[in-house]
$ cat coords11.cif   # mmCIF, C-alpha atoms
data_structure
#
loop_
_atom_site.group_PDB
_atom_site.id
_atom_site.type_symbol
_atom_site.label_atom_id
_atom_site.label_comp_id
_atom_site.auth_asym_id
_atom_site.auth_seq_id
_atom_site.Cartn_x
_atom_site.Cartn_y
_atom_site.Cartn_z
ATOM 1 C CA MET A 1 27.985 12.262 -7.652
ATOM 2 C CA ASN A 2 29.768 15.470 -8.470
ATOM 3 C CA ASP A 3 29.973 18.070 -5.701
ATOM 4 C CA LYS A 4 31.415 20.717 -8.045
ATOM 5 C CA THR A 5 28.515 20.440 -10.493
ATOM 6 C CA PHE A 6 26.066 20.402 -7.587
ATOM 7 C CA THR A 7 27.518 23.710 -6.393
ATOM 8 C CA GLU A 8 27.033 25.115 -9.907
ATOM 9 C CA ILE A 9 23.411 23.906 -9.933
ATOM 10 C CA LYS A 10 22.757 25.695 -6.633
ATOM 11 C CA LYS A 11 24.444 28.858 -7.884
ATOM 12 C CA GLY A 12 22.522 28.859 -11.178
ATOM 13 C CA TYR A 13 19.144 28.390 -9.555
ATOM 14 C CA GLY A 14 19.995 30.902 -6.840
ATOM 15 C CA SER A 15 20.566 33.492 -9.564
ATOM 16 C CA PHE A 16 17.281 32.552 -11.252
ATOM 17 C CA TYR A 17 15.308 33.003 -8.015
ATOM 18 C CA LYS A 18 17.037 36.295 -7.173
ATOM 19 C CA ASP A 19 16.223 37.577 -10.665
ATOM 20 C CA LEU A 20 12.557 36.664 -10.192
ATOM 21 C CA LEU A 21 12.498 38.475 -6.843
ATOM 22 C CA ARG A 22 14.134 41.561 -8.347
ATOM 23 C CA LYS A 23 11.279 41.615 -10.866
ATOM 24 C CA GLY A 24 8.748 41.449 -8.035
ATOM 25 C CA LYS A 25 7.864 37.793 -8.686
ATOM 26 C CA LEU A 26 8.003 34.934 -6.219
ATOM 27 C CA PRO A 27 9.660 31.668 -7.271
ATOM 28 C CA LEU A 28 6.306 29.876 -7.293
ATOM 29 C CA TRP A 29 3.212 30.039 -9.481
ATOM 30 C CA SER A 30 0.265 28.236 -11.010
ATOM 31 C CA THR A 31 1.122 26.165 -14.063
ATOM 32 C CA GLY A 32 -2.438 25.950 -15.289
ATOM 33 C CA LYS A 33 -2.550 22.254 -14.341
ATOM 34 C CA GLY A 34 -1.025 22.514 -10.874
ATOM 35 C CA PHE A 35 1.237 24.660 -8.749
ATOM 36 C CA TRP A 36 5.026 25.003 -8.891
ATOM 37 C CA GLY A 37 7.296 25.736 -5.976
ATOM 38 C CA GLY A 38 11.003 24.991 -6.196
ATOM 39 C CA VAL A 39 12.674 22.234 -4.218
ATOM 40 C CA ILE A 40 15.525 23.010 -1.837
ATOM 41 C CA ALA A 41 18.720 21.837 -3.518
ATOM 42 C CA ASP A 42 20.656 20.845 -0.394
ATOM 43 C CA GLU A 43 17.749 18.774 0.925
ATOM 44 C CA VAL A 44 17.225 16.940 -2.354
ATOM 45 C CA TYR A 45 20.970 16.290 -2.760
ATOM 46 C CA GLU A 46 21.229 14.834 0.758
ATOM 47 C CA ALA A 47 18.093 12.725 0.242
ATOM 48 C CA PHE A 48 19.462 11.304 -3.014
ATOM 49 C CA LYS A 49 22.664 10.348 -1.202
ATOM 50 C CA LYS A 50 20.695 8.708 1.610
ATOM 51 C CA ILE A 51 18.571 6.584 -0.752
ATOM 52 C CA LYS A 52 21.719 5.638 -2.693
ATOM 53 C CA LEU A 53 20.354 6.949 -5.975
ATOM 54 C CA HIS A 54 23.797 6.301 -7.518
ATOM 55 C CA LYS A 55 23.010 2.564 -7.393
ATOM 56 C CA HIS A 56 20.061 3.061 -9.743
ATOM 57 C CA LYS A 57 19.952 3.833 -13.453
ATOM 58 C CA THR A 58 16.726 5.760 -14.051
ATOM 59 C CA PHE A 59 14.849 8.615 -12.373
ATOM 60 C CA ILE A 60 11.772 10.622 -13.345
ATOM 61 C CA ASP A 61 10.311 13.746 -11.772
ATOM 62 C CA LEU A 62 6.569 14.182 -12.322
ATOM 63 C CA GLY A 63 5.899 17.899 -12.566
ATOM 64 C CA SER A 64 9.590 18.761 -12.683
ATOM 65 C CA GLY A 65 9.111 22.529 -12.535
ATOM 66 C CA ASP A 66 12.377 24.334 -13.217
ATOM 67 C CA GLY A 67 14.295 21.052 -13.509
ATOM 68 C CA LYS A 68 16.433 21.383 -10.388
ATOM 69 C CA ALA A 69 15.649 17.943 -8.926
ATOM 70 C CA VAL A 70 16.230 16.298 -12.320
ATOM 71 C CA LEU A 71 19.626 17.939 -12.784
ATOM 72 C CA ILE A 72 20.635 16.899 -9.258
ATOM 73 C CA ALA A 73 19.432 13.333 -9.949
ATOM 74 C CA ALA A 74 21.505 13.310 -13.145
ATOM 75 C CA LEU A 75 24.600 13.587 -10.946
ATOM 76 C CA PHE A 76 23.707 10.201 -9.455
ATOM 77 C CA CYS A 77 22.140 8.042 -12.146
ATOM 78 C CA LYS A 78 22.488 7.266 -15.827
ATOM 79 C CA ARG A 79 19.232 8.876 -17.017
ATOM 80 C CA ALA A 80 17.150 11.522 -15.274
ATOM 81 C CA VAL A 81 13.872 12.657 -16.844
ATOM 82 C CA GLY A 82 11.619 15.582 -16.014
ATOM 83 C CA ILE A 83 8.103 16.209 -17.262
ATOM 84 C CA GLU A 84 6.667 19.706 -16.879
ATOM 85 C CA ILE A 85 3.536 21.183 -18.444
ATOM 86 C CA ASP A 86 4.489 24.860 -17.898
ATOM 87 C CA ASN A 87 6.384 26.034 -20.993
ATOM 88 C CA GLY A 88 8.393 28.708 -19.138
ATOM 89 C CA LEU A 89 9.588 26.246 -16.488
ATOM 90 C CA TYR A 90 10.374 23.669 -19.169
ATOM 91 C CA LYS A 91 12.502 26.256 -21.020
ATOM 92 C CA LYS A 92 14.299 27.147 -17.761
ATOM 93 C CA SER A 93 15.102 23.433 -17.320
ATOM 94 C CA LEU A 94 16.662 23.253 -20.777
ATOM 95 C CA GLU A 95 18.544 26.513 -20.247
ATOM 96 C CA MET A 96 20.041 25.274 -16.968
ATOM 97 C CA GLN A 97 20.868 21.879 -18.457
ATOM 98 C CA ASN A 98 22.721 23.491 -21.365
ATOM 99 C CA LYS A 99 24.473 26.041 -19.162
ATOM 100 C CA LEU A 100 25.668 23.302 -16.789
ATOM 101 C CA ASN A 101 26.405 20.779 -19.569
ATOM 102 C CA ILE A 102 24.507 17.872 -18.011
ATOM 103 C CA PRO A 103 23.869 15.515 -20.954
ATOM 104 C CA ASN A 104 22.031 12.685 -19.160
ATOM 105 C CA ALA A 105 18.994 14.805 -18.214
ATOM 106 C CA ILE A 106 15.975 14.737 -20.516
ATOM 107 C CA PHE A 107 13.046 17.128 -20.298
ATOM 108 C CA PHE A 108 9.560 16.918 -21.792
ATOM 109 C CA ASN A 109 7.108 19.827 -22.033
ATOM 110 C CA ASN A 110 3.973 17.802 -21.445
ATOM 111 C CA ASP A 111 1.452 16.466 -18.962
ATOM 112 C CA PHE A 112 3.072 13.698 -16.912
ATOM 113 C CA ASN A 113 -0.152 11.694 -17.126
ATOM 114 C CA ASP A 114 0.712 11.110 -20.793
ATOM 115 C CA HIS A 115 4.018 9.357 -19.931
ATOM 116 C CA SER A 116 4.503 5.879 -18.541
ATOM 117 C CA ILE A 117 6.584 5.629 -15.374
ATOM 118 C CA SER A 118 6.873 1.829 -15.406
ATOM 119 C CA GLU A 119 10.474 1.783 -16.669
ATOM 120 C CA PHE A 120 11.911 4.020 -13.931
ATOM 121 C CA ASP A 121 13.803 2.910 -10.827
ATOM 122 C CA PHE A 122 12.789 6.063 -8.935
ATOM 123 C CA VAL A 123 9.823 8.376 -9.392
ATOM 124 C CA PHE A 124 10.045 11.737 -7.597
ATOM 125 C CA VAL A 125 7.070 13.863 -6.581
ATOM 126 C CA TYR A 126 6.672 17.114 -4.686
ATOM 127 C CA PRO A 127 2.876 17.029 -4.818
ATOM 128 C CA ASP A 128 0.674 20.088 -5.087
ATOM 129 C CA ALA A 129 -2.648 18.282 -4.534
ATOM 130 C CA PRO A 130 -3.977 15.244 -2.670
ATOM 131 C CA MET A 131 -2.864 12.035 -4.357
ATOM 132 C CA HIS A 132 -6.419 10.651 -4.567
ATOM 133 C CA ARG A 133 -7.205 13.310 -7.198
ATOM 134 C CA GLY A 134 -5.478 11.224 -9.864
ATOM 135 C CA LEU A 135 -1.760 10.781 -9.226
ATOM 136 C CA GLU A 136 -2.170 7.838 -6.877
ATOM 137 C CA LYS A 137 -4.145 5.891 -9.488
ATOM 138 C CA LYS A 138 -1.284 6.414 -11.965
ATOM 139 C CA LEU A 139 1.231 5.252 -9.357
ATOM 140 C CA LEU A 140 -0.828 2.163 -8.500
ATOM 141 C CA ASN A 141 -1.141 1.255 -12.197
ATOM 142 C CA GLU A 142 2.421 1.994 -13.328
ATOM 143 C CA LEU A 143 4.935 2.225 -10.458
ATOM 144 C CA THR A 144 7.361 -0.703 -10.580
ATOM 145 C CA GLY A 145 10.292 1.020 -8.905
ATOM 146 C CA LYS A 146 10.196 3.281 -5.868
ATOM 147 C CA LEU A 147 8.483 6.570 -5.243
ATOM 148 C CA ILE A 148 10.339 9.297 -3.391
ATOM 149 C CA HIS A 149 7.847 11.745 -1.941
ATOM 150 C CA TYR A 150 9.133 15.173 -0.854
ATOM 151 C CA GLY A 151 7.264 16.969 1.908
ATOM 152 C CA HIS A 152 4.942 16.434 4.844
ATOM 153 C CA HIS A 153 1.815 16.859 2.714
ATOM 154 C CA PHE A 154 -0.394 14.864 0.312
ATOM 155 C CA HIS A 155 0.960 11.355 0.885
ATOM 156 C CA PRO A 156 -0.393 8.353 -1.028
ATOM 157 C CA GLN A 157 -2.858 6.163 0.856
ATOM 158 C CA ASN A 158 -2.342 2.873 -0.986
ATOM 159 C CA LEU A 159 1.417 2.564 -1.415
ATOM 160 C CA LYS A 160 3.713 0.992 1.185
ATOM 161 C CA ALA A 161 6.144 3.305 3.013
ATOM 162 C CA LYS A 162 9.578 1.641 3.078
ATOM 163 C CA ASP A 163 11.643 4.478 4.557
ATOM 164 C CA LYS A 164 11.062 7.917 6.083
ATOM 165 C CA PHE A 165 13.663 10.466 7.049
ATOM 166 C CA LEU A 166 14.074 14.171 7.625
ATOM 167 C CA VAL A 167 16.550 16.442 5.888
ATOM 168 C CA ASP A 168 16.675 19.863 7.552
ATOM 169 C CA GLY A 169 13.177 19.290 8.894
ATOM 170 C CA ASN A 170 11.596 18.304 5.586
ATOM 171 C CA LEU A 171 10.237 14.807 5.198
ATOM 172 C CA PHE A 172 11.274 12.374 2.487
ATOM 173 C CA THR A 173 9.333 9.123 2.232
ATOM 174 C CA VAL A 174 10.203 6.197 -0.021
ATOM 175 C CA TYR A 175 7.234 4.097 -1.130
ATOM 176 C CA THR A 176 6.816 0.885 -3.081
ATOM 177 C CA ASN A 177 3.784 -0.465 -4.876
ATOM 178 C CA SER A 178 2.666 -3.728 -3.286
ATOM 179 C CA ASN A 179 0.421 -4.304 -6.341
ATOM 180 C CA LYS A 180 3.465 -4.791 -8.614
#

$ encode --input "coords11.cif" --output "structure tokens"
Amino acid sequence: MNDKTFTEIKKGYGSFYKDLLRKGKLPLWSTGKGFWGGVIADEVYEAFKKIKLHKHKTFIDLGSGDGKAVLIAALFCKRAVGIEIDNGLYKKSLEMQNKLNIPNAIFFNNDFNDHSISEFDFVFVYPDAPMHRGLEKKLLNELTGKLIHYGHHFHPQNLKAKDKFLVDGNLFTVYTNSNK
């Protein structure tokens, strides 16, 4: 964990969001395959501390948006991966990674359904649609580690909740796959 780099991540993304607002754009939009809305840095950072992400080696964010959660995860574990279909958000992820010099983050500009998640200790989702529309099937088939679900909405029906906690009123739930 690196509090100084975390502060730089927050500052960099804060500037990005303020720039969008100055241009009359909200920091959320349709990606063509789903919907992006940024995660709250302080909440994600505290959640990663609580789940002891530093004791794990690998992390993947499915639909990583602007890359913020991945760059925060990279402060805790050896390899943090983000997969985002929106080209503009993918480019923002790379820009922030380069600006902040975080070498252990990897980003792919692709559909996360085309990537296996079986090798990851933690899979992160901030879902934009009910899980039964496809994501839960992927999780049931491939999840061997733990799922960290961000938000009160669109929870999986067939995974086992191992832990639930609030960070500033937002729910984080850790699930495991009893099929694996």

$ residues_around --input "coords11.cif" --residues "Gln157 (chain A)" --least-positions-apart "6" --cutoff "9 Å" --atoms "only C-alpha atoms" --output "PyMOL selection string"
chain A and resi 131-132+136

$ closest_atom_pairs --input "coords11.cif" --of "region 42-90 of chain A" --to "region 17-31 of chain A" --cutoff "10 Å" --atoms "all atoms listed in the file" --output "Markdown table"
| residue | atom | partner | partner_atom | distance |
| --- | --- | --- | --- | --- |
| A:Gly63 | CA | A:Thr31 | CA | 9.7 |
| A:Gly65 | CA | A:Thr31 | CA | 8.9 |
| A:Asp66 | CA | A:Pro27 | CA | 9.8 |
| A:Glu84 | CA | A:Thr31 | CA | 9.0 |
| A:Ile85 | CA | A:Thr31 | CA | 7.1 |
| A:Asp86 | CA | A:Thr31 | CA | 5.3 |
| A:Asn87 | CA | A:Thr31 | CA | 8.7 |
| A:Gly88 | CA | A:Thr31 | CA | 9.2 |
| A:Leu89 | CA | A:Thr31 | CA | 8.8 |

$ closest_atom_pairs --input "coords11.cif" --of "region 5-114 of chain A" --to "region 166-180 of chain A" --cutoff "12 Å" --atoms "all atoms listed in the file" --output "JSON lines"
{"residue": "A:Val39", "atom": "CA", "partner": "A:Asn170", "partner_atom": "CA", "distance": 10.6}
{"residue": "A:Ile40", "atom": "CA", "partner": "A:Asn170", "partner_atom": "CA", "distance": 9.6}
{"residue": "A:Ala41", "atom": "CA", "partner": "A:Val167", "partner_atom": "CA", "distance": 11.1}
{"residue": "A:Asp42", "atom": "CA", "partner": "A:Val167", "partner_atom": "CA", "distance": 8.7}
{"residue": "A:Glu43", "atom": "CA", "partner": "A:Val167", "partner_atom": "CA", "distance": 5.6}
{"residue": "A:Val44", "atom": "CA", "partner": "A:Val167", "partner_atom": "CA", "distance": 8.3}
{"residue": "A:Tyr45", "atom": "CA", "partner": "A:Val167", "partner_atom": "CA", "distance": 9.7}
{"residue": "A:Glu46", "atom": "CA", "partner": "A:Val167", "partner_atom": "CA", "distance": 7.1}
{"residue": "A:Ala47", "atom": "CA", "partner": "A:Val167", "partner_atom": "CA", "distance": 6.9}
{"residue": "A:Phe48", "atom": "CA", "partner": "A:Phe172", "partner_atom": "CA", "distance": 9.9}
{"residue": "A:Lys49", "atom": "CA", "partner": "A:Val167", "partner_atom": "CA", "distance": 11.2}
{"residue": "A:Lys50", "atom": "CA", "partner": "A:Val167", "partner_atom": "CA", "distance": 9.8}
{"residue": "A:Ile51", "atom": "CA", "partner": "A:Val174", "partner_atom": "CA", "distance": 8.4}
{"residue": "A:Lys52", "atom": "CA", "partner": "A:Val174", "partner_atom": "CA", "distance": 11.8}
{"residue": "A:Leu53", "atom": "CA", "partner": "A:Val174", "partner_atom": "CA", "distance": 11.8}

$ resolve_selection --input "coords11.cif" --expression "the PyMOL selection byres ((chain A and resi 128) around 9)" --output "number ranges by chain"
A: 34-37, 126-127, 129-131, 153-154

$ residues_around --input "coords11.cif" --residues "Leu143 (chain A)" --least-positions-apart "6" --cutoff "12 Å" --atoms "only C-alpha atoms" --output "ChimeraX atom specification"
/A:59-60,115-124,135-137,158-160,175-180

$ closest_residue --input "coords11.cif" --among "A:Gly67, A:Gly134, A:Gly145, A:Gly32" --to "Ile9 (chain A)" --atoms "all atoms listed in the file"
A:Gly67

$ atom_distance --input "coords11.cif" --atom1 "CA of His155 (chain A)" --atom2 "CA of Lys92 (chain A)"
27.8 Å

$ residues_around --input "coords11.cif" --residues "region 97-103 of chain A" --least-positions-apart "5" --cutoff "8 Å" --atoms "all atoms listed in the file" --output "mmCIF file with C-alpha atoms, in the frame of the given file"
data_model
loop_
_atom_site.group_PDB
_atom_site.id
_atom_site.type_symbol
_atom_site.label_atom_id
_atom_site.label_comp_id
_atom_site.auth_asym_id
_atom_site.auth_seq_id
_atom_site.Cartn_x
_atom_site.Cartn_y
_atom_site.Cartn_z
ATOM 1 C CA THR A 5 28.515 20.440 -10.493
ATOM 2 C CA GLU A 8 27.033 25.115 -9.907
ATOM 3 C CA ILE A 9 23.411 23.906 -9.933
ATOM 4 C CA LEU A 71 19.626 17.939 -12.784
ATOM 5 C CA ALA A 74 21.505 13.310 -13.145
#

$ atom_distance --input "coords11.cif" --atom1 "CA of Ala161 (chain A)" --atom2 "CA of Thr144 (chain A)"
14.2 Å

$ atom_distance --input "coords11.cif" --atom1 "CA of Thr7 (chain A)" --atom2 "CA of Tyr150 (chain A)"
21.0 Å

$ closest_residue --input "coords11.cif" --among "A:Asp61, A:Asn104, A:Met96, A:Lys164" --to "Cys77 (chain A)" --atoms "all atoms listed in the file"
A:Asn104

$ axis_aligned_box --input "coords11.cif" --around "region 57-74 of chain A" --padding-each-side "5 Å" --output "AutoDock Vina command-line options"
--center_x 13.7 --center_y 14.1 --center_z -11.5 --size_x 25.6 --size_y 30.5 --size_z 15.1

$ closest_residue --input "coords11.cif" --among "A:Arg133, A:Glu142, A:Ala69, A:Leu62" --to "Asn109 (chain A)" --atoms "only C-alpha atoms"
A:Leu62

$ decode --input "coords11.cif" --residues "region 69-109 of chain A" --atoms "N, CA and C atoms" --output "PDB file, in the first residue's frame"
ATOM      1  N   ALA A  69     -10.083   1.812 -10.156  1.00  0.00           N
ATOM      2  CA  ALA A  69     -10.033   0.685  -9.217  1.00  0.00           C
ATOM      3  C   ALA A  69      -8.807  -0.191  -9.464  1.00  0.00           C
ATOM      4  N   VAL A  70      -8.426  -0.350 -10.722  1.00  0.00           N
ATOM      5  CA  VAL A  70      -7.251  -1.165 -11.060  1.00  0.00           C
ATOM      6  C   VAL A  70      -5.975  -0.518 -10.523  1.00  0.00           C
ATOM      7  N   LEU A  71      -5.846   0.789 -10.713  1.00  0.00           N
ATOM      8  CA  LEU A  71      -4.643   1.472 -10.232  1.00  0.00           C
ATOM      9  C   LEU A  71      -4.576   1.454  -8.703  1.00  0.00           C
ATOM     10  N   ILE A  72      -5.714   1.545  -8.042  1.00  0.00           N
ATOM     11  CA  ILE A  72      -5.726   1.428  -6.578  1.00  0.00           C
ATOM     12  C   ILE A  72      -5.344   0.000  -6.182  1.00  0.00           C
ATOM     13  N   ALA A  73      -5.897  -0.996  -6.862  1.00  0.00           N
ATOM     14  CA  ALA A  73      -5.555  -2.394  -6.557  1.00  0.00           C
ATOM     15  C   ALA A  73      -4.068  -2.663  -6.760  1.00  0.00           C
ATOM     16  N   ALA A  74      -3.470  -2.000  -7.745  1.00  0.00           N
ATOM     17  CA  ALA A  74      -2.042  -2.191  -8.019  1.00  0.00           C
ATOM     18  C   ALA A  74      -1.169  -1.731  -6.856  1.00  0.00           C
ATOM     19  N   LEU A  75      -1.706  -0.915  -5.983  1.00  0.00           N
ATOM     20  CA  LEU A  75      -0.971  -0.495  -4.783  1.00  0.00           C
ATOM     21  C   LEU A  75      -0.906  -1.625  -3.761  1.00  0.00           C
ATOM     22  N   PHE A  76      -1.769  -2.611  -3.908  1.00  0.00           N
ATOM     23  CA  PHE A  76      -1.879  -3.696  -2.936  1.00  0.00           C
ATOM     24  C   PHE A  76      -1.299  -5.021  -3.424  1.00  0.00           C
ATOM     25  N   CYS A  77      -1.468  -5.333  -4.693  1.00  0.00           N
ATOM     26  CA  CYS A  77      -1.090  -6.666  -5.152  1.00  0.00           C
ATOM     27  C   CYS A  77      -0.103  -6.602  -6.316  1.00  0.00           C
ATOM     28  N   LYS A  78       0.437  -7.751  -6.641  1.00  0.00           N
ATOM     29  CA  LYS A  78       1.507  -7.843  -7.631  1.00  0.00           C
ATOM     30  C   LYS A  78       1.055  -7.498  -9.049  1.00  0.00           C
ATOM     31  N   ARG A  79      -0.165  -7.930  -9.418  1.00  0.00           N
ATOM     32  CA  ARG A  79      -0.659  -7.695 -10.777  1.00  0.00           C
ATOM     33  C   ARG A  79      -2.134  -7.327 -10.713  1.00  0.00           C
ATOM     34  N   ALA A  80      -2.461  -6.184 -11.286  1.00  0.00           N
ATOM     35  CA  ALA A  80      -3.842  -5.714 -11.342  1.00  0.00           C
ATOM     36  C   ALA A  80      -4.201  -5.491 -12.810  1.00  0.00           C
ATOM     37  N   VAL A  81      -5.298  -6.096 -13.244  1.00  0.00           N
ATOM     38  CA  VAL A  81      -5.707  -6.072 -14.642  1.00  0.00           C
ATOM     39  C   VAL A  81      -7.085  -5.424 -14.757  1.00  0.00           C
ATOM     40  N   GLY A  82      -7.246  -4.626 -15.803  1.00  0.00           N
ATOM     41  CA  GLY A  82      -8.540  -4.039 -16.110  1.00  0.00           C
ATOM     42  C   GLY A  82      -8.914  -4.329 -17.547  1.00  0.00           C
ATOM     43  N   ILE A  83     -10.181  -4.643 -17.760  1.00  0.00           N
ATOM     44  CA  ILE A  83     -10.681  -4.899 -19.109  1.00  0.00           C
ATOM     45  C   ILE A  83     -11.847  -3.954 -19.354  1.00  0.00           C
ATOM     46  N   GLU A  84     -11.712  -3.130 -20.388  1.00  0.00           N
ATOM     47  CA  GLU A  84     -12.725  -2.120 -20.704  1.00  0.00           C
ATOM     48  C   GLU A  84     -12.947  -2.074 -22.208  1.00  0.00           C
ATOM     49  N   ILE A  85     -14.206  -2.117 -22.615  1.00  0.00           N
ATOM     50  CA  ILE A  85     -14.546  -2.111 -24.037  1.00  0.00           C
ATOM     51  C   ILE A  85     -14.538  -0.712 -24.642  1.00  0.00           C
ATOM     52  N   ASP A  86     -14.798   0.322 -23.838  1.00  0.00           N
ATOM     53  CA  ASP A  86     -14.850   1.703 -24.338  1.00  0.00           C
ATOM     54  C   ASP A  86     -13.428   2.211 -24.587  1.00  0.00           C
ATOM     55  N   ASN A  87     -13.128   2.556 -25.835  1.00  0.00           N
ATOM     56  CA  ASN A  87     -11.774   2.963 -26.208  1.00  0.00           C
ATOM     57  C   ASN A  87     -11.313   4.226 -25.473  1.00  0.00           C
ATOM     58  N   GLY A  88     -12.200   5.204 -25.301  1.00  0.00           N
ATOM     59  CA  GLY A  88     -11.825   6.432 -24.598  1.00  0.00           C
ATOM     60  C   GLY A  88     -11.481   6.182 -23.142  1.00  0.00           C
ATOM     61  N   LEU A  89     -12.255   5.338 -22.471  1.00  0.00           N
ATOM     62  CA  LEU A  89     -11.964   5.004 -21.069  1.00  0.00           C
ATOM     63  C   LEU A  89     -10.684   4.186 -20.967  1.00  0.00           C
ATOM     64  N   TYR A  90     -10.492   3.265 -21.895  1.00  0.00           N
ATOM     65  CA  TYR A  90      -9.256   2.479 -21.933  1.00  0.00           C
ATOM     66  C   TYR A  90      -8.041   3.413 -22.066  1.00  0.00           C
ATOM     67  N   LYS A  91      -8.126   4.377 -22.987  1.00  0.00           N
ATOM     68  CA  LYS A  91      -7.012   5.323 -23.168  1.00  0.00           C
ATOM     69  C   LYS A  91      -6.780   6.155 -21.918  1.00  0.00           C
ATOM     70  N   LYS A  92      -7.852   6.540 -21.217  1.00  0.00           N
ATOM     71  CA  LYS A  92      -7.704   7.294 -19.963  1.00  0.00           C
ATOM     72  C   LYS A  92      -6.977   6.438 -18.927  1.00  0.00           C
ATOM     73  N   SER A  93      -7.292   5.139 -18.888  1.00  0.00           N
ATOM     74  CA  SER A  93      -6.599   4.223 -17.968  1.00  0.00           C
ATOM     75  C   SER A  93      -5.100   4.216 -18.223  1.00  0.00           C
ATOM     76  N   LEU A  94      -4.731   4.075 -19.488  1.00  0.00           N
ATOM     77  CA  LEU A  94      -3.303   4.060 -19.846  1.00  0.00           C
ATOM     78  C   LEU A  94      -2.638   5.397 -19.536  1.00  0.00           C
ATOM     79  N   GLU A  95      -3.328   6.484 -19.836  1.00  0.00           N
ATOM     80  CA  GLU A  95      -2.788   7.814 -19.545  1.00  0.00           C
ATOM     81  C   GLU A  95      -2.521   7.976 -18.050  1.00  0.00           C
ATOM     82  N   MET A  96      -3.479   7.587 -17.220  1.00  0.00           N
ATOM     83  CA  MET A  96      -3.304   7.719 -15.770  1.00  0.00           C
ATOM     84  C   MET A  96      -2.200   6.786 -15.261  1.00  0.00           C
ATOM     85  N   GLN A  97      -2.149   5.580 -15.801  1.00  0.00           N
ATOM     86  CA  GLN A  97      -1.106   4.644 -15.398  1.00  0.00           C
ATOM     87  C   GLN A  97       0.278   5.210 -15.698  1.00  0.00           C
ATOM     88  N   ASN A  98       0.444   5.749 -16.898  1.00  0.00           N
ATOM     89  CA  ASN A  98       1.740   6.323 -17.287  1.00  0.00           C
ATOM     90  C   ASN A  98       2.072   7.563 -16.468  1.00  0.00           C
ATOM     91  N   LYS A  99       1.099   8.415 -16.267  1.00  0.00           N
ATOM     92  CA  LYS A  99       1.307   9.642 -15.492  1.00  0.00           C
ATOM     93  C   LYS A  99       1.729   9.320 -14.055  1.00  0.00           C
ATOM     94  N   LEU A 100       1.121   8.271 -13.482  1.00  0.00           N
ATOM     95  CA  LEU A 100       1.386   7.914 -12.090  1.00  0.00           C
ATOM     96  C   LEU A 100       2.508   6.883 -11.942  1.00  0.00           C
ATOM     97  N   ASN A 101       3.005   6.380 -13.079  1.00  0.00           N
ATOM     98  CA  ASN A 101       4.102   5.407 -13.076  1.00  0.00           C
ATOM     99  C   ASN A 101       3.779   4.184 -12.197  1.00  0.00           C
ATOM    100  N   ILE A 102       2.688   3.513 -12.560  1.00  0.00           N
ATOM    101  CA  ILE A 102       2.274   2.304 -11.849  1.00  0.00           C
ATOM    102  C   ILE A 102       2.458   1.123 -12.806  1.00  0.00           C
ATOM    103  N   PRO A 103       3.623   0.448 -12.719  1.00  0.00           N
ATOM    104  CA  PRO A 103       3.977  -0.562 -13.724  1.00  0.00           C
ATOM    105  C   PRO A 103       3.229  -1.884 -13.623  1.00  0.00           C
ATOM    106  N   ASN A 104       2.661  -2.217 -12.470  1.00  0.00           N
ATOM    107  CA  ASN A 104       2.041  -3.535 -12.305  1.00  0.00           C
ATOM    108  C   ASN A 104       0.544  -3.555 -12.629  1.00  0.00           C
ATOM    109  N   ALA A 105       0.059  -2.518 -13.303  1.00  0.00           N
ATOM    110  CA  ALA A 105      -1.315  -2.502 -13.816  1.00  0.00           C
ATOM    111  C   ALA A 105      -1.257  -2.817 -15.308  1.00  0.00           C
ATOM    112  N   ILE A 106      -2.219  -3.604 -15.757  1.00  0.00           N
ATOM    113  CA  ILE A 106      -2.308  -3.995 -17.163  1.00  0.00           C
ATOM    114  C   ILE A 106      -3.736  -3.735 -17.616  1.00  0.00           C
ATOM    115  N   PHE A 107      -3.874  -3.099 -18.769  1.00  0.00           N
ATOM    116  CA  PHE A 107      -5.204  -2.789 -19.286  1.00  0.00           C
ATOM    117  C   PHE A 107      -5.394  -3.408 -20.666  1.00  0.00           C
ATOM    118  N   PHE A 108      -6.614  -3.904 -20.891  1.00  0.00           N
ATOM    119  CA  PHE A 108      -7.010  -4.449 -22.185  1.00  0.00           C
ATOM    120  C   PHE A 108      -8.231  -3.704 -22.675  1.00  0.00           C
ATOM    121  N   ASN A 109      -8.223  -3.331 -23.950  1.00  0.00           N
ATOM    122  CA  ASN A 109      -9.364  -2.670 -24.599  1.00  0.00           C
ATOM    123  C   ASN A 109     -10.163  -3.760 -25.307  1.00  0.00           C
TER     124      ASN A 109
END
